[in-house]
Amino acid sequence: MNEAALLLDVKGLRVMFSQIIAVDDVSLNVARGEIVALLGPNGAGKTTTLRAISGLVKSVKGTIYIDGVRADQRSAPRVARMGIGLVPEGRKVFPTHTVEENLQLGGFMWRRQKTLYAETLSSVWELFPRLYERRTQLAGSLSGGEAQMLAVGRALMLRPRLLVLDEPSLGLAPKVVEELFGFLRRLHSERGLSILLVEQAATRALELADRGYLIGEGRVITAGSSESLRNDPEVQRVYFGSSASE
Amino acid sequence: MKILNGRVRTQPLSVGLYGLAAVMLVALIAWPEVAHIFGGQRDFYIGLVTGALITTMLTISLNLAMGFAGLLSFIHTGLLAVGGYTVGVTAIKYGLSPWLSILIAVVGVTFLCIVISLISVRATNIYWGLITLSFDLVIIQVAQQWSSITGGFNGLPGVPRPSLNGVQLDDVEFFYLCLAAAMITYIVTRNIVLSPSGRAFMAVRQSPETASSLGINPARARLLAFAVSGALAGLAGALYAQNLNFISAEVANQGPQLALFIAIFLGGFGTLLGPVLGMVVVTIVQNQIRGLGSNSLLILGLFLLASILILPRGIIGTWTSSRFFERYQTRRRTRRSADADAKPALTLEVLLRQGSDRIVISTGTSDMPVLSATGVSKAFGGVLALQHVDFDLRPREVHGLIGPNGAGKSTLGSCITGYIQRDSGEVVLRGEKLPRSPHAVALLGITRVFQTPHLLDSSTVIENILTGMYSRTGSNWLTAIFRTPGYRVGERERRAEALELLRSVGLLGLADRSAASLSHGQKRLVEIVRAVAMRPDVLILDEPATGLAKAELVQLDAMLRALRDAGLSMLLIEHNMEFVMSLCDRITVLSFGQVIAHGRPNEIASSLVVREAYLGGTAA
Amino acid sequence: MTTQVLIVSQALYLGCVYALLALGLTITYSATRVVNFAQGEFFVLGAGVAYYLEAVRHQPAWVAVLAVVVVSMVLGVITERAIMLPIQRSGIHYAWIISTLAVALILQSLYSKLFQGALLRPPPLVEGSVRIVGAGVSYQILLVIVCAIAIMVAYDQFLRRTAYGSAVRATAHDPETTASFGVSIRGVILTSFIVSGVITALAGLLVSSVLFIQPTVGLTYTTSGFVAMVIGGLGSSRGAIAGGLVVGLLNSLVVNLIGANLGQIAIVCLLAIILLIRPQGLFSQPAGEH
């Protein structure tokens, strides 16, 4: 893969929490315009990898390059300015802020560029008309699906180069997940947004993504196109153990 | 995930520190004689050390509450004042013997602390601190306003010292009285801390949730710690007033309280000798800067700021974390590691059932469930976390509870243990309905091990195991303080049993290691042994495989099998599928708060419904 | 009627003082979860600078105001580092008590040396009084009330209507997520220390000609502000303001109607009652909004 086209390039990542190695050796990349899925069972290290990419935790080994610029060891605000828009696990909308205020916070970095900011905001309203209806409502009173959309919209306000989502389907009904993934598909096809998606629900994620990585026990077990992963028995094994693989 | 080895660290208090303490004690006993070198100023210097002894008593008392029990307290100088006023008022206004006054002061302050503790039952951390602060302010106000009793702003002069043979104690005799009181304070604190009750409130400080699962009632544990702390503070207050023959409300201000905080911090929170060391340093520093007027406060402040930057954990804390200490301690390795491979003297089954007054389900596979949950539902706001979950646990069974993230596994575990109150449905243990509070549920026989180990870091492994036995001894603080023969026999027996327990699961070599020095995997195993020391009927394990290396998973698997064969029923909440499939007898699968599958491992492994729930789509 | 006017005016101006103190404490608490024992020292700073410039140097009032703002900003920066650095480096749970108390001590002793125990009482910014419903209320007291309300409203509007204010609110709730949108949390903390320092110092400037402020009373005022903050609700700036006004009202009522000595006791009893019945404060949500 042409190195220059890589929006995100992670090599040999290792993250530790006191004595536990949460991420052992993860290498992955996302090229411009791709949707890449990061799959794996709970506890495999997916969320930690994402948090390291976002600058919320520091890695002890390995490198992270965003559009050719070194990003590991940088703080979260710095990484945000480098173009990573995070939709955190559990959505984490600000409950005592209104829907609109949440979006405004998402666009914090652009607040001085009035025209650009206004454009971004109206594009988010256009994508999520239901949010516009509820723009003066407190975010804490939104349903799970609406909160997820708000979290995505908030990240979009950052005008990210790479949208990073951490288990967006968590706690959402299948119908809502469908709708959400529909939005992501639109973002990708209409705006060419690059997406890195962490999901436990592998099948769903692979329907959306072009490529995927399967993470287990802190390491990349296997990687490939969505087609190949969909039928890969390794997926069964990593999720259900060797006794389950046929 | 894999584990790296932690650094080895054993018992914090080394021979060096005890040696230092011994030297200090000898120096103190000889002090009145030594003070002759000050000539005419001898009385002043004796009085100085008397005052320091009293302040040290108060510091030890505060450390008991704050350092060991985790109760932020702004009231201790207020307690000192209450003790002093009690002694003054009873002796002056009511003419009681000063000896009796001291006793009344101790009882009175203890009572006050019990009251405060009872009405602050629901308070945690900062709120407890706020409550004590407000009570301290009340004490100051009452002392200043109730002039008829307290002498108002002027204070109460003429507080008499106790008498011996009709004559009030002179400075030297009073010094020895205070020295004795200080030693009693230290010994009482030490005895309580190194007892089941002490382990109980230390466990509560670390994690009230974990403590509850061991059958410890957090409110009662805190009450005990605060009451004992109060008793010691009352004693200090009584002697304080008698030392100066005077008491006023000023002593309860936050300024003097500051000196206490400084002393505890300098010496090291939650250590036994810390307050003493800290007080020594503070006294020396205060004495040196005494003559500098307003500069003294400035230097004190700068000194404090500098010390927290240089010694972030206080003197003792920084010493024990340092590398010199490690090298020193490495030579004092445990001798038990040689016995680690000896054959178990008692089987695990005997250890789990021995002396238990519960009905032993001795024969193999009875189908009568030990624990059964029917129709359990729980909603958080609009989210249905659990919907009519039916579930049961048989004797001698490892029952797996799996499901995708957010399915409600932990919620079910919490509903069973009483940490969360279920909205509807019933949970029954051996035919009995479960009580509401977590510690009562634990006492009935259900205990839980959490995802993050919560061992007492500053204690050894064996002491942690002993913490698990709290429910069998209850709070025996009185016998602990006096170290009665009955208590000592009991402690020896429990210690022996704890060692046997460790031996029967192959962990005897860890017995004397400090819990902080264990690797994550070892902590996990020790935590399970601690829970088992309670002799529960049901053990709930919350994602125990998290963070364990392959070798440690094998150890965990072996331990759980051994426990199952010894008669324990276990609910294993886990997402490590290999581990679950190979170990469990039956498995229940949750998804979106509902049971979607139930059966033996091979049935679950081949179930399409389960696949779909995890992977989120029709499996190809 | 005279008594009523007296009570109300006293309640208002005392309430405003407590409210500003509580607001200052809340601003730093929201951002750092640290209760700053050195907060009252800014109050004394305001009075001290005003006294020095107006009473000793005979400078006009606007010079004093400017000086107070500048000096308190500088001191805010210094205390932020002095307090937060030890906390961040130390592992212990109670490190904040030590570092804030240390800073309070240092400042208190500096004031003692600088002012040698003088009473920090500059001449009033505005002389004279006005008659309201038959009772005389000094202009200075009215000025205090008006300015204090202006400050409170200004800060509230800052929080709710500006982008940075929104970021400050978000930081109080979830610093991590806020950081991932480009907000520097260190910047928010520093700003909080500066703003709270300035507000508290201005409070000291305003009331220095009415109250009797000695160089060493910092801790006492910190405690009062603390009490008001808790009564109103820990972590809520509107709660802090309300708590301060409640305390002022209660104090005024008790002192004027029941007994001059019982004001403090009444406040403390209210605090104890609140902590036992509704520990989240009168105006805050149990989860701790803001």
# chains A, B, ... in the order shown; residues from 1 in each chain; ligands from 1

call {"tool": "select_by_dssp", "arguments": {"residues": "region 40-213 of chain A", "states": "strand (DSSP E or B)", "output": "VMD selection string"}}
result
chain A and resid 61 to 66 69 to 70 84 to 87 98 138 162 to 166 194 to 199 211 to 213

call {"tool": "residues_around", "arguments": {"residues": "Ala496 (chain B)", "least_positions_apart": "5", "cutoff": "12 Å", "atoms": "only C-alpha atoms", "output": "list in words"}}
result
Ala345, Leu346, Leu351, Ile462, Glu463, Ile465, Leu466, Val489, Gly490, Glu491, Leu501, Leu502, Arg503, Leu508, Ala511 and Ala533 of chain B

call {"tool": "write_last_selection", "arguments": {"atoms": "C-alpha atoms", "output": "PDB file, in the first residue's frame"}}
result
ATOM      1  CA  ALA B 345      -2.375 -31.837  55.058  1.00  0.00           C
ATOM      2  CA  LEU B 346      -6.075 -31.111  54.773  1.00  0.00           C
ATOM      3  CA  LEU B 351     -11.317 -26.690  54.748  1.00  0.00           C
ATOM      4  CA  ILE B 462      -1.896 -14.158  54.536  1.00  0.00           C
ATOM      5  CA  GLU B 463      -3.436 -11.083  56.123  1.00  0.00           C
ATOM      6  CA  ILE B 465      -6.828 -14.232  53.399  1.00  0.00           C
ATOM      7  CA  LEU B 466      -7.600 -13.549  57.043  1.00  0.00           C
ATOM      8  CA  VAL B 489      -5.669 -18.755  70.154  1.00  0.00           C
ATOM      9  CA  GLY B 490      -8.346 -17.843  67.657  1.00  0.00           C
ATOM     10  CA  GLU B 491      -5.925 -15.803  65.550  1.00  0.00           C
ATOM     11  CA  LEU B 501      -5.972 -22.980  52.378  1.00  0.00           C
ATOM     12  CA  LEU B 502      -3.061 -21.461  50.488  1.00  0.00           C
ATOM     13  CA  ARG B 503      -1.202 -24.727  50.553  1.00  0.00           C
ATOM     14  CA  LEU B 508       1.766 -21.327  50.051  1.00  0.00           C
ATOM     15  CA  ALA B 511       1.943 -16.276  52.103  1.00  0.00           C
ATOM     16  CA  ALA B 533     -11.976 -18.414  53.182  1.00  0.00           C
TER      17      ALA B 533
END

call {"tool": "residues_around", "arguments": {"residues": "Ile139 (chain B)", "least_positions_apart": "5", "cutoff": "8 Å", "atoms": "only C-alpha atoms", "output": "PyMOL selection string"}}
result
chain B and resi 78+82+252

call {"tool": "interface_residues", "arguments": {"of": "chain B", "to": "chain C", "cutoff": "10 Å", "atoms": "only C-alpha atoms", "output": "compact mmCIF listing (two decimals) with C-alpha atoms, in the first residue's frame"}}
result
# COMPACT_ATOMS: atom_id res chain seq x y z
CA MET B 66 -7.95 8.84 58.08
CA GLY B 67 -5.00 6.69 57.16
CA GLY B 70 -10.16 6.31 55.08
CA LEU B 72 -11.44 12.28 56.22
CA ILE B 119 -25.97 10.02 61.44
CA SER B 120 -23.41 10.05 58.63
CA VAL B 121 -24.13 6.52 57.54
CA ARG B 122 -24.64 7.36 53.91
CA ALA B 123 -21.76 9.81 53.64
CA ILE B 126 -15.57 14.32 50.96
CA TYR B 127 -19.01 14.43 52.51
CA TRP B 128 -17.79 12.68 55.61
CA LEU B 130 -17.66 18.08 55.38
CA ILE B 131 -19.78 16.67 58.16
CA THR B 132 -16.79 16.54 60.48
CA LEU B 133 -15.88 20.07 59.49
CA SER B 134 -19.32 21.35 60.30
CA PHE B 135 -19.33 19.59 63.63
CA ASP B 136 -15.94 21.10 64.39
CA LEU B 137 -17.38 24.52 63.69
CA VAL B 138 -20.31 23.73 65.98
CA ILE B 139 -17.91 22.72 68.73
CA ILE B 140 -16.03 25.99 68.36
CA GLN B 141 -19.22 28.00 68.45
CA VAL B 142 -20.63 26.16 71.46
CA GLN B 144 -17.27 30.25 72.60
CA GLN B 145 -20.91 31.01 73.31
CA ASN B 253 -9.45 25.70 65.00
CA GLN B 254 -8.30 24.53 61.62
CA GLY B 255 -4.84 25.95 62.20
CA LEU B 258 -3.14 21.63 59.99
CA PHE B 261 -2.31 16.73 58.77
CA ILE B 262 1.28 17.71 58.22
CA PHE B 265 1.44 13.14 55.81
CA GLY B 268 3.09 8.41 55.95
CA PHE B 269 -0.65 7.81 55.89
CA GLY B 293 7.73 35.32 64.41
CA SER B 294 5.64 35.66 61.30
CA ASN B 295 8.39 34.00 59.33
CA SER B 296 7.63 30.75 61.11
CA LEU B 297 4.35 30.23 59.32
CA LEU B 298 5.98 31.06 56.02
CA ILE B 299 8.75 28.56 56.53
CA LEU B 300 6.28 25.93 57.64
CA GLY B 301 4.26 26.43 54.49
CA LEU B 302 7.30 26.32 52.24
CA PHE B 303 8.62 23.29 54.07
CA LEU B 304 5.31 21.53 53.56
CA LEU B 305 5.17 22.32 49.86
CA ALA B 306 8.74 21.21 49.40
CA SER B 307 8.20 17.97 51.26
CA ILE B 308 5.18 16.94 49.25
CA LEU B 309 7.19 17.46 46.12
CA ILE B 310 10.28 15.63 47.34
CA LEU B 311 8.62 12.95 49.43
CA PRO B 312 5.30 12.42 47.72
CA ARG B 313 4.39 9.50 49.93
CA GLY B 314 5.71 10.80 53.21
CA GLY B 317 5.97 5.66 52.24

call {"tool": "residues_around", "arguments": {"residues": "Gly15 (chain C)", "least_positions_apart": "2", "cutoff": "8 Å", "atoms": "only C-alpha atoms", "output": "list in words"}}
result
Gln10, Ala11, Leu12, Tyr13, Val17, Tyr18, Ala19, Gly244, Leu245, Val246, Val247, Gly248 and Leu249 of chain C

call {"tool": "residues_around", "arguments": {"residues": "Leu158 (chain A)", "least_positions_apart": "4", "cutoff": "7 Å", "atoms": "only C-alpha atoms", "output": "number ranges by chain"}}
result
A: 85, 106-107, 109; C: 181

call {"tool": "decode", "arguments": {"residues": "region 19-158 of chain C", "atoms": "C-alpha atoms", "output": "compact mmCIF listing (two decimals), in the first residue's frame"}}
result
# COMPACT_ATOMS: atom_id res chain seq x y z
CA ALA C 19 -21.79 33.86 47.17
CA LEU C 20 -18.66 35.21 45.51
CA LEU C 21 -16.44 33.23 47.85
CA ALA C 22 -18.46 30.09 47.20
CA LEU C 23 -18.41 30.78 43.48
CA GLY C 24 -14.65 31.09 43.52
CA LEU C 25 -14.33 27.78 45.33
CA THR C 26 -16.77 26.11 42.98
CA ILE C 27 -14.96 27.24 39.87
CA THR C 28 -11.77 25.49 40.86
CA TYR C 29 -13.61 22.53 42.36
CA SER C 30 -15.54 21.90 39.16
CA ALA C 31 -12.41 21.75 37.10
CA THR C 32 -10.17 19.85 39.47
CA ARG C 33 -12.29 18.25 42.20
CA VAL C 34 -10.01 20.04 44.65
CA VAL C 35 -11.33 22.25 47.45
CA ASN C 36 -8.89 25.13 47.56
CA PHE C 37 -8.16 26.03 51.17
CA ALA C 38 -6.19 28.99 49.90
CA GLN C 39 -9.24 30.61 48.30
CA GLY C 40 -9.80 33.03 51.18
CA GLU C 41 -6.29 34.38 50.71
CA PHE C 42 -7.42 35.95 47.44
CA PHE C 43 -10.19 37.66 49.36
CA VAL C 44 -7.59 39.12 51.70
CA LEU C 45 -5.44 40.00 48.71
CA GLY C 46 -8.22 42.12 47.25
CA ALA C 47 -8.69 43.95 50.52
CA GLY C 48 -4.97 44.32 51.03
CA VAL C 49 -4.19 45.79 47.63
CA ALA C 50 -7.16 48.14 47.92
CA TYR C 51 -6.06 49.23 51.36
CA TYR C 52 -2.47 49.73 50.32
CA LEU C 53 -3.25 51.73 47.21
CA GLU C 54 -6.15 53.78 48.50
CA ALA C 55 -5.43 54.28 52.17
CA VAL C 56 -1.65 54.30 52.14
CA ARG C 57 -0.82 55.57 48.69
CA HIS C 58 -3.96 57.62 48.21
CA GLN C 59 -4.52 56.39 44.69
CA PRO C 60 -7.91 56.72 43.04
CA ALA C 61 -10.28 53.81 43.12
CA TRP C 62 -9.86 52.74 39.51
CA VAL C 63 -6.14 52.18 40.05
CA ALA C 64 -6.95 49.89 42.93
CA VAL C 65 -9.43 47.93 40.88
CA LEU C 66 -6.97 47.49 38.05
CA ALA C 67 -4.20 46.49 40.40
CA VAL C 68 -6.39 43.95 42.15
CA VAL C 69 -7.30 42.31 38.87
CA VAL C 70 -3.71 42.15 37.65
CA VAL C 71 -2.19 40.96 40.91
CA SER C 72 -4.86 38.31 41.42
CA MET C 73 -4.38 37.01 37.91
CA VAL C 74 -0.67 36.61 38.50
CA LEU C 75 -1.22 34.99 41.86
CA GLY C 76 -3.81 32.69 40.28
CA VAL C 77 -1.23 31.38 37.87
CA ILE C 78 1.33 30.85 40.62
CA THR C 79 -1.07 29.09 42.97
CA GLU C 80 -2.32 26.82 40.20
CA ARG C 81 1.16 25.39 39.78
CA ALA C 82 1.88 25.35 43.50
CA ILE C 83 -1.30 23.42 44.20
CA MET C 84 -1.70 21.17 41.19
CA LEU C 85 1.89 20.07 40.67
CA PRO C 86 2.18 18.27 44.02
CA ILE C 87 -1.22 16.70 43.49
CA GLN C 88 -0.29 15.36 40.10
CA ARG C 89 3.03 14.02 41.27
CA SER C 90 1.97 12.57 44.58
CA GLY C 91 0.11 9.29 44.71
CA ILE C 92 -1.78 9.98 47.86
CA HIS C 93 -5.44 10.55 48.08
CA TYR C 94 -5.23 13.56 50.39
CA ALA C 95 -2.45 15.41 48.63
CA TRP C 96 -4.78 18.30 47.84
CA ILE C 97 -5.27 19.06 51.53
CA ILE C 98 -1.55 19.43 52.05
CA SER C 99 -0.82 21.52 48.99
CA THR C 100 -3.77 23.90 49.37
CA LEU C 101 -3.12 24.33 53.08
CA ALA C 102 0.56 24.93 52.42
CA VAL C 103 -0.23 27.66 49.92
CA ALA C 104 -2.75 29.20 52.35
CA LEU C 105 -0.13 29.26 55.06
CA ILE C 106 2.50 30.82 52.84
CA LEU C 107 0.15 33.54 51.64
CA GLN C 108 -1.19 34.23 55.11
CA SER C 109 2.28 34.71 56.49
CA LEU C 110 3.26 36.94 53.58
CA TYR C 111 0.27 39.15 54.30
CA SER C 112 1.22 39.27 57.97
CA LYS C 113 4.67 40.47 57.11
CA LEU C 114 3.52 42.96 54.50
CA PHE C 115 0.72 44.54 56.46
CA GLN C 116 1.98 44.07 60.00
CA GLY C 117 -1.47 43.36 61.39
CA ALA C 118 -3.03 46.53 60.07
CA LEU C 119 -6.74 46.48 59.41
CA LEU C 120 -7.24 46.29 55.67
CA ARG C 121 -9.93 48.92 55.44
CA PRO C 122 -9.67 51.44 52.67
CA PRO C 123 -12.06 54.38 52.48
CA PRO C 124 -15.36 53.55 50.80
CA LEU C 125 -15.43 53.80 47.03
CA VAL C 126 -18.58 55.85 47.30
CA GLU C 127 -19.40 58.01 50.26
CA GLY C 128 -22.79 58.76 51.67
CA SER C 129 -26.00 56.88 51.98
CA VAL C 130 -29.50 56.81 50.66
CA ARG C 131 -32.78 56.52 52.47
CA ILE C 132 -34.87 53.53 51.56
CA VAL C 133 -38.29 53.38 53.18
CA GLY C 134 -37.07 55.46 56.06
CA ALA C 135 -33.83 53.58 56.78
CA GLY C 136 -30.33 54.66 55.79
CA VAL C 137 -28.43 52.32 53.51
CA SER C 138 -24.94 53.34 52.59
CA TYR C 139 -24.06 53.66 48.93
CA GLN C 140 -21.11 51.41 49.48
CA ILE C 141 -23.34 48.56 50.48
CA LEU C 142 -25.52 49.13 47.45
CA LEU C 143 -22.40 49.19 45.32
CA VAL C 144 -21.28 45.90 46.78
CA ILE C 145 -24.59 44.30 45.99
CA VAL C 146 -24.78 45.66 42.47
CA CYS C 147 -21.21 44.79 41.56
CA ALA C 148 -21.45 41.35 43.06
CA ILE C 149 -24.61 40.59 41.13
CA ALA C 150 -22.95 41.88 38.00
CA ILE C 151 -20.01 39.55 38.50
CA MET C 152 -22.25 36.57 39.16
CA VAL C 153 -24.39 37.24 36.13
CA ALA C 154 -21.32 37.79 33.97
CA TYR C 155 -19.81 34.48 34.99
CA ASP C 156 -23.07 32.64 34.54
CA GLN C 157 -23.44 34.06 31.06
CA PHE C 158 -19.87 33.16 30.29
